[in-house]
file entry25.txt (compact mmCIF, C-alpha atoms)
# COMPACT_ATOMS: atom_id res chain seq x y z
CA MET A 1 17.28 20.85 4.44
CA LYS A 2 19.14 17.53 4.16
CA ILE A 3 17.27 14.33 3.42
CA TYR A 4 17.32 12.82 6.92
CA GLU A 5 16.04 16.05 8.43
CA GLU A 6 13.38 16.19 5.72
CA LEU A 7 12.21 12.66 6.58
CA VAL A 8 11.89 13.72 10.21
CA ALA A 9 10.06 16.92 9.25
CA ARG A 10 7.61 14.91 7.15
CA GLY A 11 6.87 12.65 10.13
CA LEU A 12 8.30 9.53 8.52
CA ILE A 13 10.80 8.36 11.13
CA ALA A 14 9.56 6.49 14.18
CA GLN A 15 12.54 4.57 15.57
CA VAL A 16 16.20 4.12 14.66
CA THR A 17 19.00 2.01 16.10
CA ASN A 18 21.71 4.66 15.78
CA GLU A 19 20.49 8.08 14.69
CA GLU A 20 23.89 9.75 14.40
CA GLU A 21 25.36 7.12 12.06
CA ILE A 22 22.15 6.78 10.08
CA ARG A 23 21.96 10.54 9.55
CA GLU A 24 25.57 10.56 8.37
CA LEU A 25 25.05 7.74 5.86
CA VAL A 26 21.74 8.99 4.48
CA ASN A 27 22.69 12.66 4.21
CA ASN A 28 25.90 11.80 2.36
CA GLY A 29 24.33 9.32 -0.05
CA LYS A 30 26.22 6.38 1.45
CA ALA A 31 23.27 4.23 2.41
CA THR A 32 22.58 1.03 0.51
CA PHE A 33 19.22 0.18 1.98
CA TYR A 34 16.48 -2.32 1.41
CA ILE A 35 12.73 -2.47 1.89
CA GLY A 36 10.92 -5.78 1.52
CA PHE A 37 7.68 -6.45 -0.33
CA ASP A 38 5.94 -9.81 -0.03
CA PRO A 39 4.20 -10.63 -3.35
CA THR A 40 0.85 -11.68 -1.90
CA ALA A 41 -1.13 -10.15 -4.81
CA ASP A 42 -0.50 -9.22 -8.45
CA SER A 43 -0.54 -5.49 -7.71
CA LEU A 44 0.86 -3.12 -5.12
CA HIS A 45 -1.71 -1.12 -3.15
CA VAL A 46 -1.69 2.19 -1.31
CA GLY A 47 -0.40 0.44 1.79
CA HIS A 48 2.91 0.11 -0.08
CA PHE A 49 2.78 3.72 -1.19
CA MET A 50 4.79 5.26 1.62
CA ALA A 51 7.63 2.77 1.19
CA LEU A 52 7.81 3.49 -2.54
CA CYS A 53 7.84 7.24 -1.96
CA LEU A 54 10.56 6.83 0.67
CA MET A 55 12.74 4.85 -1.73
CA LYS A 56 12.28 7.53 -4.36
CA ARG A 57 13.23 10.31 -1.92
CA LEU A 58 16.36 8.49 -0.74
CA GLN A 59 17.44 7.62 -4.29
CA MET A 60 17.05 11.27 -5.33
CA ALA A 61 19.43 12.10 -2.45
CA GLY A 62 22.09 9.75 -3.83
CA ASN A 63 21.39 6.61 -1.81
CA LYS A 64 21.04 3.17 -3.39
CA PRO A 65 17.75 1.27 -2.93
CA ILE A 66 17.43 -2.50 -2.96
CA VAL A 67 13.89 -3.71 -3.57
CA LEU A 68 13.64 -7.09 -1.90
CA ILE A 69 10.81 -9.17 -3.32
CA GLY A 70 9.88 -11.87 -0.83
CA GLY A 71 9.49 -14.78 -3.19
CA GLY A 72 10.96 -17.01 -0.48
CA THR A 73 9.36 -15.51 2.63
CA ALA A 74 6.01 -15.52 0.82
CA MET A 75 6.26 -19.32 0.96
CA ILE A 76 5.98 -18.93 4.75
CA GLY A 77 3.78 -15.85 5.24
CA ASP A 78 4.26 -12.88 7.56
CA PRO A 79 2.12 -13.20 10.73
CA SER A 80 2.42 -9.45 11.48
CA GLY A 81 -0.97 -7.80 11.89
CA ARG A 82 -2.89 -10.98 11.07
CA THR A 83 -5.34 -13.03 13.10
CA ASP A 84 -5.09 -16.07 10.83
CA MET A 85 -2.60 -17.83 8.61
CA ARG A 86 -2.11 -16.62 5.04
CA SER A 87 -3.20 -18.88 2.20
CA MET A 88 -0.35 -20.89 0.73
CA MET A 89 0.59 -19.73 -2.77
CA THR A 90 2.20 -21.72 -5.57
CA LYS A 91 5.65 -20.83 -6.89
CA GLU A 92 4.05 -19.86 -10.21
CA THR A 93 1.64 -17.40 -8.55
CA ILE A 94 4.44 -15.87 -6.50
CA GLN A 95 6.62 -15.38 -9.59
CA HIS A 96 3.74 -13.78 -11.52
CA ASN A 97 3.15 -11.36 -8.65
CA CYS A 98 6.87 -10.51 -8.51
CA ASP A 99 6.85 -9.64 -12.21
CA CYS A 100 3.82 -7.38 -11.74
CA PHE A 101 5.47 -5.58 -8.81
CA LYS A 102 8.54 -4.63 -10.81
CA LYS A 103 6.52 -3.01 -13.60
CA GLN A 104 4.69 -0.83 -11.10
CA MET A 105 7.81 0.05 -9.10
CA GLU A 106 9.57 1.37 -12.19
CA ARG A 107 7.28 4.42 -12.01
CA PHE A 108 8.89 5.34 -8.70
CA ILE A 109 12.41 3.94 -8.69
CA GLU A 110 15.16 4.06 -11.31
CA PHE A 111 16.64 0.60 -11.81
CA GLY A 112 19.89 -0.18 -13.58
CA GLU A 113 23.62 -0.57 -13.07
CA GLY A 114 24.77 1.63 -10.20
CA LYS A 115 21.17 2.57 -9.44
CA ALA A 116 18.42 0.64 -7.71
CA MET A 117 18.38 -3.13 -7.87
CA MET A 118 15.64 -5.68 -7.39
CA VAL A 119 16.40 -9.03 -5.79
CA ASN A 120 14.24 -11.99 -4.82
CA ASN A 121 14.98 -13.79 -1.57
CA ALA A 122 13.82 -17.03 -3.17
CA ASP A 123 17.25 -17.03 -4.85
CA TRP A 124 18.97 -17.74 -1.54
CA LEU A 125 16.28 -18.91 0.90
CA LEU A 126 15.00 -21.83 -1.18
CA ASP A 127 18.48 -23.35 -1.43
CA LEU A 128 19.22 -23.28 2.29
CA ASN A 129 19.87 -26.55 4.08
CA TYR A 130 17.48 -26.95 7.00
CA ILE A 131 20.07 -28.30 9.43
CA ASP A 132 22.54 -25.57 8.49
CA VAL A 133 19.92 -22.90 9.16
CA LEU A 134 19.16 -24.39 12.57
CA ARG A 135 22.84 -24.50 13.51
CA GLU A 136 24.07 -21.26 11.96
CA VAL A 137 21.06 -18.98 12.29
CA GLY A 138 18.59 -20.55 14.71
CA ALA A 139 21.20 -20.65 17.44
CA CYS A 140 21.32 -16.82 17.41
CA PHE A 141 17.64 -16.42 18.33
CA SER A 142 16.02 -16.68 21.76
CA VAL A 143 12.56 -18.24 21.62
CA ASN A 144 11.60 -16.24 24.72
CA ASN A 145 12.50 -12.97 22.98
CA MET A 146 10.70 -13.99 19.81
CA LEU A 147 7.50 -14.75 21.69
CA ARG A 148 7.56 -11.27 23.20
CA ALA A 149 7.44 -9.73 19.71
CA GLU A 150 4.10 -8.10 18.85
CA CYS A 151 3.86 -9.96 15.55
CA TYR A 152 3.74 -13.26 17.46
CA LYS A 153 1.96 -12.27 20.68
CA GLN A 154 -1.29 -11.38 18.93
CA ARG A 155 -1.38 -14.79 17.28
CA MET A 156 -0.64 -16.95 20.30
CA GLU A 157 -4.24 -17.21 21.49
CA LYS A 158 -5.64 -18.34 18.14
CA GLY A 159 -2.64 -20.41 17.23
CA LEU A 160 0.70 -19.67 15.60
CA SER A 161 2.03 -22.30 13.21
CA PHE A 162 5.66 -23.37 13.38
CA LEU A 163 5.86 -22.39 9.70
CA GLU A 164 5.03 -18.75 10.50
CA PHE A 165 7.24 -18.79 13.56
CA ASN A 166 10.20 -19.05 11.20
CA TYR A 167 9.34 -15.81 9.38
CA MET A 168 11.45 -13.63 11.69
CA ILE A 169 14.46 -15.90 11.19
CA MET A 170 14.07 -15.81 7.40
CA GLN A 171 13.67 -12.02 7.29
CA SER A 172 16.69 -11.61 9.54
CA TYR A 173 18.70 -13.90 7.28
CA ASP A 174 17.77 -11.69 4.31
CA PHE A 175 19.54 -8.70 5.87
CA TYR A 176 22.51 -10.86 6.87
CA TYR A 177 22.82 -12.21 3.31
CA MET A 178 22.46 -8.82 1.59
CA TYR A 179 24.86 -7.19 4.05
CA GLN A 180 27.55 -9.64 2.99
CA LYS A 181 26.75 -10.10 -0.70
CA LEU A 182 25.30 -6.73 -1.76
CA GLY A 183 26.84 -4.25 0.67
CA CYS A 184 23.42 -3.47 2.15
CA ASN A 185 24.05 -1.47 5.32
CA MET A 186 20.55 -0.31 6.23
CA GLN A 187 16.98 -1.58 6.35
CA PHE A 188 13.71 0.36 6.42
CA GLY A 189 10.32 -0.98 7.36
CA GLY A 190 7.05 -0.31 9.12
CA ASN A 191 6.64 -0.10 12.87
CA ASP A 192 4.91 -3.49 12.75
CA GLN A 193 8.23 -4.93 11.48
CA TRP A 194 10.46 -3.58 14.25
CA SER A 195 11.07 -6.94 15.96
CA ASN A 196 11.87 -8.67 12.67
CA MET A 197 14.24 -5.87 11.69
CA LEU A 198 16.05 -5.88 15.01
CA GLY A 199 16.51 -9.61 14.51
CA GLY A 200 18.41 -8.94 11.28
CA THR A 201 20.63 -6.29 12.86
CA GLU A 202 21.40 -8.55 15.82
CA LEU A 203 22.14 -11.55 13.58
CA ILE A 204 24.76 -9.56 11.68
CA ARG A 205 26.45 -8.51 14.89
CA ARG A 206 26.32 -12.03 16.36
CA LYS A 207 27.76 -13.63 13.23
CA LEU A 208 30.20 -10.95 12.08
CA GLY A 209 31.20 -9.25 15.30
CA LYS A 210 30.03 -6.27 17.33
CA ASP A 211 31.83 -3.85 15.03
CA ALA A 212 29.63 -4.81 12.08
CA HIS A 213 27.46 -1.75 11.32
CA ALA A 214 23.91 -2.56 10.31
CA MET A 215 21.29 0.12 10.70
CA THR A 216 17.58 -0.23 11.31
CA ILE A 217 14.89 2.41 10.79
CA THR A 218 11.12 2.17 11.04
CA LEU A 219 8.57 4.37 9.35
CA LEU A 220 5.94 6.00 11.50
CA LEU A 221 2.89 5.19 9.42
CA ASN A 222 3.59 2.04 7.49
CA SER A 223 1.24 -0.18 9.49
CA GLU A 224 -1.31 2.60 9.27
CA GLY A 225 -0.42 2.80 5.59
CA LYS A 226 -1.49 -0.80 5.18
CA LYS A 227 -4.87 0.19 6.58
CA MET A 228 -4.98 2.97 3.98
CA GLY A 229 -5.27 0.29 1.33
CA LYS A 230 -8.66 -0.88 2.56
CA THR A 231 -12.08 0.59 1.78
CA ALA A 232 -15.59 -0.79 1.79
CA ARG A 233 -14.98 -2.04 -1.75
CA GLY A 234 -11.65 -3.70 -0.98
CA ALA A 235 -8.07 -2.72 -1.59
CA VAL A 236 -7.05 0.46 -3.41
CA TRP A 237 -4.58 -0.85 -5.96
CA LEU A 238 -1.89 0.93 -7.94
CA ASP A 239 -2.80 -1.14 -11.02
CA PRO A 240 -5.24 0.97 -13.10
CA GLU A 241 -7.01 -2.21 -14.21
CA LYS A 242 -7.95 -2.89 -10.60
CA THR A 243 -8.45 0.68 -9.33
CA THR A 244 -9.05 3.26 -12.05
CA PRO A 245 -7.22 6.61 -11.86
CA PHE A 246 -10.58 8.24 -11.07
CA GLU A 247 -11.22 5.84 -8.18
CA PHE A 248 -7.66 6.37 -6.97
CA PHE A 249 -8.15 10.15 -7.11
CA GLN A 250 -11.46 9.89 -5.27
CA TYR A 251 -9.93 7.72 -2.55
CA TRP A 252 -7.45 10.46 -1.64
CA ARG A 253 -10.05 13.20 -2.23
CA ASN A 254 -12.16 11.57 0.47
CA VAL A 255 -9.61 11.09 3.26
CA ASP A 256 -10.63 12.32 6.68
CA ASP A 257 -10.14 16.02 7.27
CA ALA A 258 -7.79 15.28 10.18
CA ASP A 259 -5.48 13.20 7.95
CA VAL A 260 -5.11 15.53 4.96
CA MET A 261 -2.04 17.47 6.05
CA LYS A 262 -0.40 14.32 7.42
CA CYS A 263 -0.81 12.65 4.02
CA ILE A 264 0.44 15.73 2.16
CA ARG A 265 3.58 15.79 4.33
CA MET A 266 4.29 12.08 4.17
CA LEU A 267 3.33 11.15 0.64
CA THR A 268 3.71 14.11 -1.71
CA PHE A 269 6.90 15.66 -3.03
CA ILE A 270 5.71 19.21 -2.38
CA PRO A 271 8.59 21.07 -0.67
CA ILE A 272 8.33 21.34 3.11
CA GLU A 273 8.28 25.15 2.95
CA GLU A 274 5.21 25.08 0.70
CA ILE A 275 3.50 22.53 2.92
CA ASP A 276 4.03 24.78 5.92
CA GLU A 277 2.20 27.53 4.03
CA ILE A 278 -0.61 25.19 2.97
CA GLU A 279 -1.10 24.22 6.61
CA LYS A 280 -1.91 27.87 7.35
CA TRP A 281 -4.85 27.90 4.93
CA GLU A 282 -8.22 28.67 6.48
CA ASP A 283 -10.43 25.74 7.49
CA ASN A 284 -12.86 26.55 4.68
CA ARG A 285 -10.15 25.53 2.19
CA ILE A 286 -10.12 21.90 3.34
CA ASN A 287 -11.53 20.67 0.02
CA GLU A 288 -8.79 22.53 -1.81
CA LYS A 289 -6.22 20.68 0.30
CA LYS A 290 -7.91 17.35 -0.43
CA GLU A 291 -7.96 18.01 -4.15
CA LEU A 292 -4.29 18.97 -4.06
CA LEU A 293 -3.43 15.72 -2.26
CA ALA A 294 -5.49 13.63 -4.67
CA TYR A 295 -4.00 15.31 -7.72
CA GLU A 296 -0.39 15.01 -6.57
CA LEU A 297 -0.67 11.32 -5.72
CA THR A 298 -2.66 10.40 -8.83
CA ALA A 299 -0.05 12.15 -10.99
CA LEU A 300 2.72 10.28 -9.18
CA VAL A 301 1.13 6.87 -9.78
CA HIS A 302 -0.72 7.32 -13.08
CA GLY A 303 0.85 10.40 -14.69
CA GLU A 304 -0.29 14.00 -15.00
CA GLU A 305 -2.66 13.39 -17.91
CA GLU A 306 -4.71 10.87 -15.94
CA ALA A 307 -4.58 13.09 -12.85
CA ILE A 308 -6.01 16.01 -14.83
CA LYS A 309 -8.78 13.82 -16.26
CA ALA A 310 -9.68 12.50 -12.81
CA ARG A 311 -9.68 15.98 -11.28
CA ASP A 312 -11.82 17.44 -14.06
CA ALA A 313 -14.28 14.54 -13.87
CA ALA A 314 -14.58 14.91 -10.09
CA ARG A 315 -15.15 18.66 -10.38
CA SER A 316 -17.82 18.12 -13.00
CA LEU A 317 -19.66 15.51 -10.94
CA PHE A 318 -19.63 17.45 -7.72
CA SER A 319 -20.78 20.62 -9.46
CA GLY A 320 -23.66 18.77 -11.10
CA GLY A 321 -22.00 18.56 -14.50
CA GLY A 322 -22.53 15.73 -16.94
CA ASP A 323 -18.99 14.54 -17.71
CA ASP A 324 -18.90 10.87 -16.74
CA SER A 325 -16.21 9.79 -19.21
CA ASN A 326 -13.76 8.94 -16.44
CA MET A 327 -16.28 7.60 -13.96
CA PRO A 328 -15.76 3.98 -12.79
CA THR A 329 -18.06 1.85 -14.93
CA THR A 330 -19.49 -1.65 -14.72
CA GLU A 331 -20.49 -3.11 -18.07
CA LEU A 332 -23.40 -5.54 -17.81
CA SER A 333 -24.56 -8.08 -20.35
CA ALA A 334 -28.16 -8.17 -21.54
CA SER A 335 -28.47 -11.74 -20.23
CA ASP A 336 -27.50 -10.54 -16.73
CA VAL A 337 -30.22 -7.92 -16.73
CA GLY A 338 -33.17 -9.34 -18.65
CA ASP A 339 -36.01 -6.83 -18.57
CA GLY A 340 -34.53 -5.14 -15.53
CA VAL A 341 -32.50 -5.62 -12.37
CA GLY A 342 -33.30 -4.83 -8.75
CA ILE A 343 -31.39 -1.97 -7.16
CA LEU A 344 -29.94 -4.28 -4.49
CA ASP A 345 -28.55 -6.65 -7.11
CA LEU A 346 -27.26 -3.73 -9.17
CA LEU A 347 -25.34 -2.32 -6.23
CA MET A 348 -23.70 -5.70 -5.70
CA MET A 349 -22.95 -6.16 -9.42
CA CYS A 350 -21.13 -2.83 -9.39
CA GLY A 351 -19.14 -3.76 -6.30
CA LEU A 352 -20.67 -0.92 -4.31
CA THR A 353 -21.87 -3.18 -1.51
CA PRO A 354 -20.66 -6.64 -0.44
CA SER A 355 -24.12 -8.03 0.38
CA LYS A 356 -27.84 -7.53 -0.19
CA GLY A 357 -28.27 -6.75 3.48
CA GLU A 358 -25.87 -3.82 3.31
CA ALA A 359 -27.41 -2.69 0.02
CA ARG A 360 -30.86 -2.73 1.60
CA ARG A 361 -29.70 -0.67 4.60
CA LEU A 362 -28.02 1.83 2.28
CA VAL A 363 -31.21 2.34 0.27
CA GLN A 364 -33.41 2.55 3.37
CA GLN A 365 -31.11 5.22 4.81
CA GLY A 366 -31.47 7.31 1.64
CA GLY A 367 -27.89 6.70 0.57
CA VAL A 368 -28.49 5.74 -3.09
CA ALA A 369 -29.44 7.92 -6.05
CA LEU A 370 -29.82 7.10 -9.77
CA ASP A 371 -29.21 9.92 -12.23
CA GLY A 372 -29.71 12.41 -9.42
CA GLU A 373 -32.97 10.91 -8.11
CA LYS A 374 -32.92 9.27 -4.67
CA VAL A 375 -34.01 5.62 -4.64
CA ALA A 376 -36.91 5.41 -2.21
CA ALA A 377 -37.54 1.66 -1.97
CA ALA A 378 -35.38 -1.44 -1.73
CA ASP A 379 -37.57 -3.25 -4.30
CA PHE A 380 -36.93 -0.60 -6.98
CA VAL A 381 -36.12 -2.12 -10.39
CA VAL A 382 -33.85 -0.46 -12.94
CA SER A 383 -35.17 -1.25 -16.42
CA ALA A 384 -33.02 -2.63 -19.22
CA ASP A 385 -33.90 0.41 -21.36
CA VAL A 386 -32.44 2.75 -18.73
CA LEU A 387 -29.31 0.63 -18.41
CA LYS A 388 -28.76 0.58 -22.18
CA ASN A 389 -28.17 4.34 -22.04
CA GLY A 390 -26.12 4.07 -18.86
CA VAL A 391 -27.20 5.09 -15.37
CA LYS A 392 -25.18 7.07 -12.82
CA ILE A 393 -25.27 5.62 -9.34
CA LYS A 394 -24.41 7.83 -6.40
CA LYS A 395 -23.58 6.07 -3.13
CA GLY A 396 -23.57 8.38 -0.15
CA LYS A 397 -22.17 11.82 -0.86
CA LYS A 398 -18.88 10.95 -2.51
CA VAL A 399 -18.97 7.66 -4.45
CA PHE A 400 -20.04 7.74 -8.12
CA HIS A 401 -20.37 4.76 -10.44
CA LYS A 402 -21.91 4.10 -13.84
CA ALA A 403 -23.69 0.94 -14.96
CA ILE A 404 -24.41 0.23 -18.62
CA ILE A 405 -25.44 -2.68 -20.81
CA LYS A 406 -22.87 -3.46 -23.47

call {"tool": "encode", "arguments": {"input": "entry25.txt", "output": "structure tokens"}}
result
Amino acid sequence: MKIYEELVARGLIAQVTNEEEIRELVNNGKATFYIGFDPTADSLHVGHFMALCLMKRLQMAGNKPIVLIGGGTAMIGDPSGRTDMRSMMTKETIQHNCDCFKKQMERFIEFGEGKAMMVNNADWLLDLNYIDVLREVGACFSVNNMLRAECYKQRMEKGLSFLEFNYMIMQSYDFYYMYQKLGCNMQFGGNDQWSNMLGGTELIRRKLGKDAHAMTITLLLNSEGKKMGKTARGAVWLDPEKTTPFEFFQYWRNVDDADVMKCIRMLTFIPIEEIDEIEKWEDNRINEKKELLAYELTALVHGEEEAIKARDAARSLFSGGGDDSNMPTTELSASDVGDGVGILDLLMMCGLTPSKGEARRLVQQGGVALDGEKVAAADFVVSADVLKNGVKIKKGKKVFHKAIIK
């Protein structure tokens, strides 16, 4: 199976501007394509995961990836999928985040001469002359068409700043610039980016003629992939300092039953033929499928050694074993605890609940256990002596955490 057909079989392709030409370029390793990442944090999260896996697949098939870091567009902020304006970041923060991104991406993509390249749109966007942009680029965009784009429509009621309104123009200019300077002939992005991506394709044709070939593809699940990055405890990061390999493993181990096969198809590198066989497994093997998904993705991000540790720790915990060496742990200071700490405060200290109100409801619903014993009352106090030896907290059926005084 050729790579384009594999992407379709895995459910990754949602829309394309010219399927025949795109298939030809991709299957013959002639695509020089880009995917953009705005550096809004100092770590990638699982919402970026599909894009990284896609770049890896296409590079393995002989195509050339361009990682576009949005150091310039991050100065504006993408309004897509947001109900409010992003916080303004300093240039120093943006650069730090860009540096962190590259380190994490190197686990997926091979950079170097003739291989993948990483570019930062700050290198060309920040030097643009405002009047020149208005005359040369702004004239190619219809305000009426822009306002019909989903990324803008959902913000119109609450207010869309003129700053954010320019995001589509800047993203379109990125493709135009890289098409001319880097030979980039294709762009990939999420279905929430379709309007912005079409803007880039149209700009190239308007400026360089109708015969200019610029291809646009969207991924089926990228906007859904962004939702994947969110849990009750916040984002699931690829940085092991922010989300441990065990937590990462458990995140995928706990996906909804209905999403397991979809994630295996889209995100793992298991051959399609094997996935077709896995899909035939009996329903009572659902946990086996989940463990397979969690292991494959943890190995991809953190390496096989960490994936094995996380899998073994999870098996031990769920079978009632005592191995907590890889369990997420919060280290408390004696001054924080005193003679003891209330269970509601402890849950918040460990990041297991965002508020005392939610912690109280969790306890009252019987959703908290300490060292295997259910906590019966919201005023329960965990003594300092217990915490010095470490206590295992179980939240619900699937979340484990350890608290210890250090």

call {"tool": "closest_residue", "arguments": {"input": "entry25.txt", "among": "A:Ile66, A:Val368, A:Ile35, A:Ile217", "to": "Ile393 (chain A)", "atoms": "only C-alpha atoms"}}
result
A:Val368

call {"tool": "closest_residue", "arguments": {"input": "entry25.txt", "among": "A:Ile343, A:Ala41, A:Met1, A:Leu25", "to": "Met215 (chain A)", "atoms": "only C-alpha atoms"}}
result
A:Leu25

call {"tool": "residues_around", "arguments": {"input": "entry25.txt", "residues": "Gly71 (chain A)", "least_positions_apart": "2", "cutoff": "6 Å", "atoms": "all atoms listed in the file", "output": "number ranges by chain"}}
result
A: 69, 73-74, 120-122

call {"tool": "closest_residue", "arguments": {"input": "entry25.txt", "among": "A:Ser335, A:Ser161, A:Asn191, A:Asn63", "to": "Ile76 (chain A)", "atoms": "only C-alpha atoms"}}
result
A:Ser161

call {"tool": "residues_around", "arguments": {"input": "entry25.txt", "residues": "Lys289 (chain A)", "least_positions_apart": "3", "cutoff": "10 Å", "atoms": "all atoms listed in the file", "output": "VMD selection string"}}
result
chain A and resid 253 257 260 to 261 264 278 to 279 281 283 to 286 292 to 295

call {"tool": "closest_residue", "arguments": {"input": "entry25.txt", "among": "A:Lys374, A:Tyr34, A:Asp127, A:Phe108", "to": "Asp174 (chain A)", "atoms": "all atoms listed in the file"}}
result
A:Tyr34

call {"tool": "atom_distance", "arguments": {"input": "entry25.txt", "atom1": "CA of Val236 (chain A)", "atom2": "CA of Phe248 (chain A)"}}
result
6.9 Å

call {"tool": "closest_residue", "arguments": {"input": "entry25.txt", "among": "A:Phe101, A:Val137, A:Tyr152, A:Gly183", "to": "Ile169 (chain A)", "atoms": "all atoms listed in the file"}}
result
A:Val137

call {"tool": "closest_residue", "arguments": {"input": "entry25.txt", "among": "A:Gly70, A:Phe141, A:Asp38, A:Leu219", "to": "Thr201 (chain A)", "atoms": "all atoms listed in the file"}}
result
A:Phe141

call {"tool": "decode", "arguments": {"input": "entry25.txt", "residues": "region 264-327 of chain A", "atoms": "C-alpha atoms", "output": "PDB file, in the first residue's frame"}}
result
ATOM      1  CA  ILE A 264      -4.583   2.733  16.925  1.00  0.00           C
ATOM      2  CA  ARG A 265      -5.193   3.400  13.222  1.00  0.00           C
ATOM      3  CA  MET A 266      -4.346   7.079  13.286  1.00  0.00           C
ATOM      4  CA  LEU A 267      -1.489   7.288  15.738  1.00  0.00           C
ATOM      5  CA  THR A 268       0.462   4.030  15.843  1.00  0.00           C
ATOM      6  CA  PHE A 269       2.843   2.641  13.243  1.00  0.00           C
ATOM      7  CA  ILE A 270       1.373  -0.852  13.436  1.00  0.00           C
ATOM      8  CA  PRO A 271       0.861  -2.061   9.828  1.00  0.00           C
ATOM      9  CA  ILE A 272      -2.675  -1.710   8.492  1.00  0.00           C
ATOM     10  CA  GLU A 273      -2.967  -5.469   7.940  1.00  0.00           C
ATOM     11  CA  GLU A 274      -2.236  -6.137  11.615  1.00  0.00           C
ATOM     12  CA  ILE A 275      -4.694  -3.452  12.695  1.00  0.00           C
ATOM     13  CA  ASP A 276      -7.403  -5.081  10.609  1.00  0.00           C
ATOM     14  CA  GLU A 277      -6.778  -8.304  12.541  1.00  0.00           C
ATOM     15  CA  ILE A 278      -6.772  -6.503  15.905  1.00  0.00           C
ATOM     16  CA  GLU A 279     -10.140  -4.988  15.034  1.00  0.00           C
ATOM     17  CA  LYS A 280     -11.549  -8.526  14.833  1.00  0.00           C
ATOM     18  CA  TRP A 281     -10.628  -9.298  18.447  1.00  0.00           C
ATOM     19  CA  GLU A 282     -13.544 -10.166  20.707  1.00  0.00           C
ATOM     20  CA  ASP A 283     -15.079  -7.374  22.785  1.00  0.00           C
ATOM     21  CA  ASN A 284     -13.678  -8.917  25.967  1.00  0.00           C
ATOM     22  CA  ARG A 285     -10.173  -8.041  24.727  1.00  0.00           C
ATOM     23  CA  ILE A 286     -10.807  -4.284  24.860  1.00  0.00           C
ATOM     24  CA  ASN A 287      -8.290  -3.806  27.686  1.00  0.00           C
ATOM     25  CA  GLU A 288      -5.684  -5.634  25.642  1.00  0.00           C
ATOM     26  CA  LYS A 289      -6.285  -3.168  22.805  1.00  0.00           C
ATOM     27  CA  LYS A 290      -5.982  -0.230  25.193  1.00  0.00           C
ATOM     28  CA  GLU A 291      -2.735  -1.515  26.634  1.00  0.00           C
ATOM     29  CA  LEU A 292      -1.352  -2.025  23.129  1.00  0.00           C
ATOM     30  CA  LEU A 293      -2.261   1.563  22.195  1.00  0.00           C
ATOM     31  CA  ALA A 294      -0.748   2.968  25.380  1.00  0.00           C
ATOM     32  CA  TYR A 295       2.450   0.962  24.994  1.00  0.00           C
ATOM     33  CA  GLU A 296       2.985   1.859  21.331  1.00  0.00           C
ATOM     34  CA  LEU A 297       2.506   5.590  21.878  1.00  0.00           C
ATOM     35  CA  THR A 298       4.545   5.738  25.080  1.00  0.00           C
ATOM     36  CA  ALA A 299       7.404   3.943  23.312  1.00  0.00           C
ATOM     37  CA  LEU A 300       7.165   6.396  20.416  1.00  0.00           C
ATOM     38  CA  VAL A 301       7.392   9.451  22.679  1.00  0.00           C
ATOM     39  CA  HIS A 302       9.524   8.239  25.598  1.00  0.00           C
ATOM     40  CA  GLY A 303      11.302   5.131  24.310  1.00  0.00           C
ATOM     41  CA  GLU A 304      10.708   1.422  24.835  1.00  0.00           C
ATOM     42  CA  GLU A 305      12.383   1.257  28.246  1.00  0.00           C
ATOM     43  CA  GLU A 306      10.005   3.837  29.722  1.00  0.00           C
ATOM     44  CA  ALA A 307       7.047   2.205  27.975  1.00  0.00           C
ATOM     45  CA  ILE A 308       7.897  -1.156  29.552  1.00  0.00           C
ATOM     46  CA  LYS A 309       8.246   0.439  32.995  1.00  0.00           C
ATOM     47  CA  ALA A 310       4.900   2.215  32.638  1.00  0.00           C
ATOM     48  CA  ARG A 311       3.152  -0.930  31.414  1.00  0.00           C
ATOM     49  CA  ASP A 312       4.578  -3.078  34.208  1.00  0.00           C
ATOM     50  CA  ALA A 313       3.679  -0.476  36.842  1.00  0.00           C
ATOM     51  CA  ALA A 314       0.114  -0.232  35.513  1.00  0.00           C
ATOM     52  CA  ARG A 315      -0.274  -4.015  35.492  1.00  0.00           C
ATOM     53  CA  SER A 316       1.002  -4.228  39.050  1.00  0.00           C
ATOM     54  CA  LEU A 317      -1.352  -1.529  40.320  1.00  0.00           C
ATOM     55  CA  PHE A 318      -4.446  -2.877  38.645  1.00  0.00           C
ATOM     56  CA  SER A 319      -3.711  -6.405  39.833  1.00  0.00           C
ATOM     57  CA  GLY A 320      -3.268  -5.195  43.406  1.00  0.00           C
ATOM     58  CA  GLY A 321       0.517  -5.383  43.334  1.00  0.00           C
ATOM     59  CA  GLY A 322       2.787  -3.092  45.285  1.00  0.00           C
ATOM     60  CA  ASP A 323       5.112  -1.663  42.625  1.00  0.00           C
ATOM     61  CA  ASP A 324       4.675   2.104  42.791  1.00  0.00           C
ATOM     62  CA  SER A 325       8.161   3.043  41.564  1.00  0.00           C
ATOM     63  CA  ASN A 326       6.807   4.626  38.384  1.00  0.00           C
ATOM     64  CA  MET A 327       3.648   6.079  39.879  1.00  0.00           C
TER      65      MET A 327
END
